[in-house]
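Undergrad: Take this structure, written in structure tokens, and hold onto it; I'll ask about it next.
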Amino acid sequence: MLLEPSKAKAKLKEVNKALNKNPVDVAALRKLCISPGGLICSEARQKVWPHLLDVAESKIGYPQDLRRHKECRQVILDVDRSGKRFPDGLSDVEKEELQENLTDLILGVLTIHPELHYYQGYHDICITFLLVCGAEASLAMVEKISTHHLRDFMDPTMDSTTHILNYLIPILKMANPKLVEYMEKSEVGTIFALSWLITWYSYVVPDQRDIERLYDFFLSCHPLMPVYFAAQIVLDNADKILDGPCEMARIYQLLLQIARKPNLPLEILIQRSSDFYIQFPPSSLAHDAAEFYKNNLAISTFCDHALVAKHEAPDVVLKRMGLVEVKKEENEESPTEGSWKRASKTVAIALSGAVGAALLAVGGRAAEWVPQLFGYL
Amino acid sequence: MEDKCDYLFKIILIGDAGVGKTCIVQRFKTGSWFESQASTIGVDFCLKTCEINGKQIKLQVWDTAGQERFRTITQAYYRSAHGVICTFDLTKESTFDSTVEWMDDVSRFCSTNVVKLLVGNKCDMIDRRKVSHEVASAQGKSFEVLEYLETSAKENTNVNDAFIKMATELLKQQSNVKDLADSKDDQGFNISNNTKSVGTSCCFG
């Protein structure tokens, strides 16, 4: 959804204001990223995204001998097949250059971080950054999200990814238990959302502008936000899921097709995901997600719920910093009128994101709660 | 998806990344071929109905990501598959060597009566061929596949044939084990009997 020109203009003014503050007002930028329309245009994204990831001052450069990396073959195989994502009208030379840059970007991060493992779909995320920010600036940003937001997807195995995916079930259950019951009966599982999650929807959403809008949102929020967003896609189509045979293939196909439709109501889904995140933060879902994991994949190693309970870092951090209390007071004081409530909620999500950035700045440990959890698997 | 069919078969495509699994599926499904077909992430799915011996057959085709790390995820789809198409790239020997591991997964995770095809894709690239018909065919025999086929999704060679052969065999198998139709056995075919005669509609299990 595009904002009206006057609103878009006003928003860009706000973005500039936040950028021009000294220091840059990252919390305000995050709020602008989450609110309708996101950052509006690629030019704003080029300027803002590095601040969201706290790499605006980064001087990181491409390492040497990239093409010797052991994943080089697989990366080139995927890069060569990524033409669908490139803008229309590029010449063959431009396409080739973009592909070279993409290969370098991926192998650059993998070379800097030998502990990270390439997955098919990672290239889709890298393309988004490359198209918005160019080869030079993308390295530091992709390096940062790879060691934080995407860190668990880059484990040697997909176990952590599967687990993260299973957060979908408790989120859905909070909103529509009947739907979850139906889905569980159909045995559709959660794999339909795998490509959504690990590519931040760039594998399925057909329009590059929509993808960028979603990245505004995800870059400003908790790493689990793409799962909350997946839940909203499913919930938005609950009627279609329930209105038909309880069959795995039907539901699987339905969901695959829905995400690929060009008219996904992004802004509504973003708003609802944000609301859900506030209402049901990850810590409140961890136990159920673990249960689903255990029951459905029969991986009994994940049995100590005391360990799962440790998975509360975002809230623990917020509490420690007094931010949860602030949020409560805001809610108590605010009138029940929807827009006001919503505004304070947006502040709270943006704050939790900002906490991440603050921690990144201090010790580079923002999203560590996720690896911490999966370290026990 | 509501239309009637007599039989439903689930077919899963496996094989290394880049051998052309998605191109084969797309050629079969839509009749077209894309030069730069994007890599499959996770598990994609499509449906196609065809008629064999006067029967309406619905084929549920599960197209899987080829990268090694996705294997643990795709294995979950093996169990209920009636047919497996194990694909390699005739111009890349390593993808042929990998078929041993892929078929090993098949014997571990699929039902015992699963119908297997070995498919060497990209047979249009004659100059770049690295695996001979004889060698691949012998490999196919050792895997106890129904047949070894060489396809070109690009030139539409043998793609339909592969699916039709698979479906015909499954149909044959099905008529040999009619008794299984109503059983809840995992390995039976999912023919529902919610209409008067068994086999006039189908469901997905």
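Letters A, B, ... go to the chains of the structure tokens in the order shown; residues in each chain start at 1; ligands are counted from 1 in the same order.
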Please determine the contact residues of chain A with respect to chain B at a cut-off of 10 Å, counting only C-alpha atoms, and supply them as a PyMOL selection string.
TA: chain A and resi 74+77-85+117-124+155-159+162+186-187+191-196+198-199+203-204+244-250+252-253+256-257+297
Undergrad: Could you please write out, as an MDAnalysis selection string, every residue of chain B that DSSP assigns to strand (DSSP E)?
TA: chainID B and resid 7:14 43:52 55:64 83:89 115:121 147:150 191:192 201:202
Undergrad: State, in Å with one decimal place, the distance from CA of Asp288 (chain A) to CA of Phe109 (chain B).
TA: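 About the pair CA of Asp288 (chain A) and CA of Phe109 (chain B): they are 27.9 Å apart.
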Undergrad: Do you have the CA of Tyr167 (chain A)-CA of Arg108 (chain B) distance handy?
TA: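 So the two atoms, CA of Tyr167 (chain A) and CA of Arg108 (chain B), lie 29.1 Å apart.
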Undergrad: Separation of CA of Asn121 (chain B) and CA of Ile52 (chain B), in Å?
TA: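 Pair CA of Asn121 (chain B) / CA of Ile52 (chain B) returns 24.3 Å.
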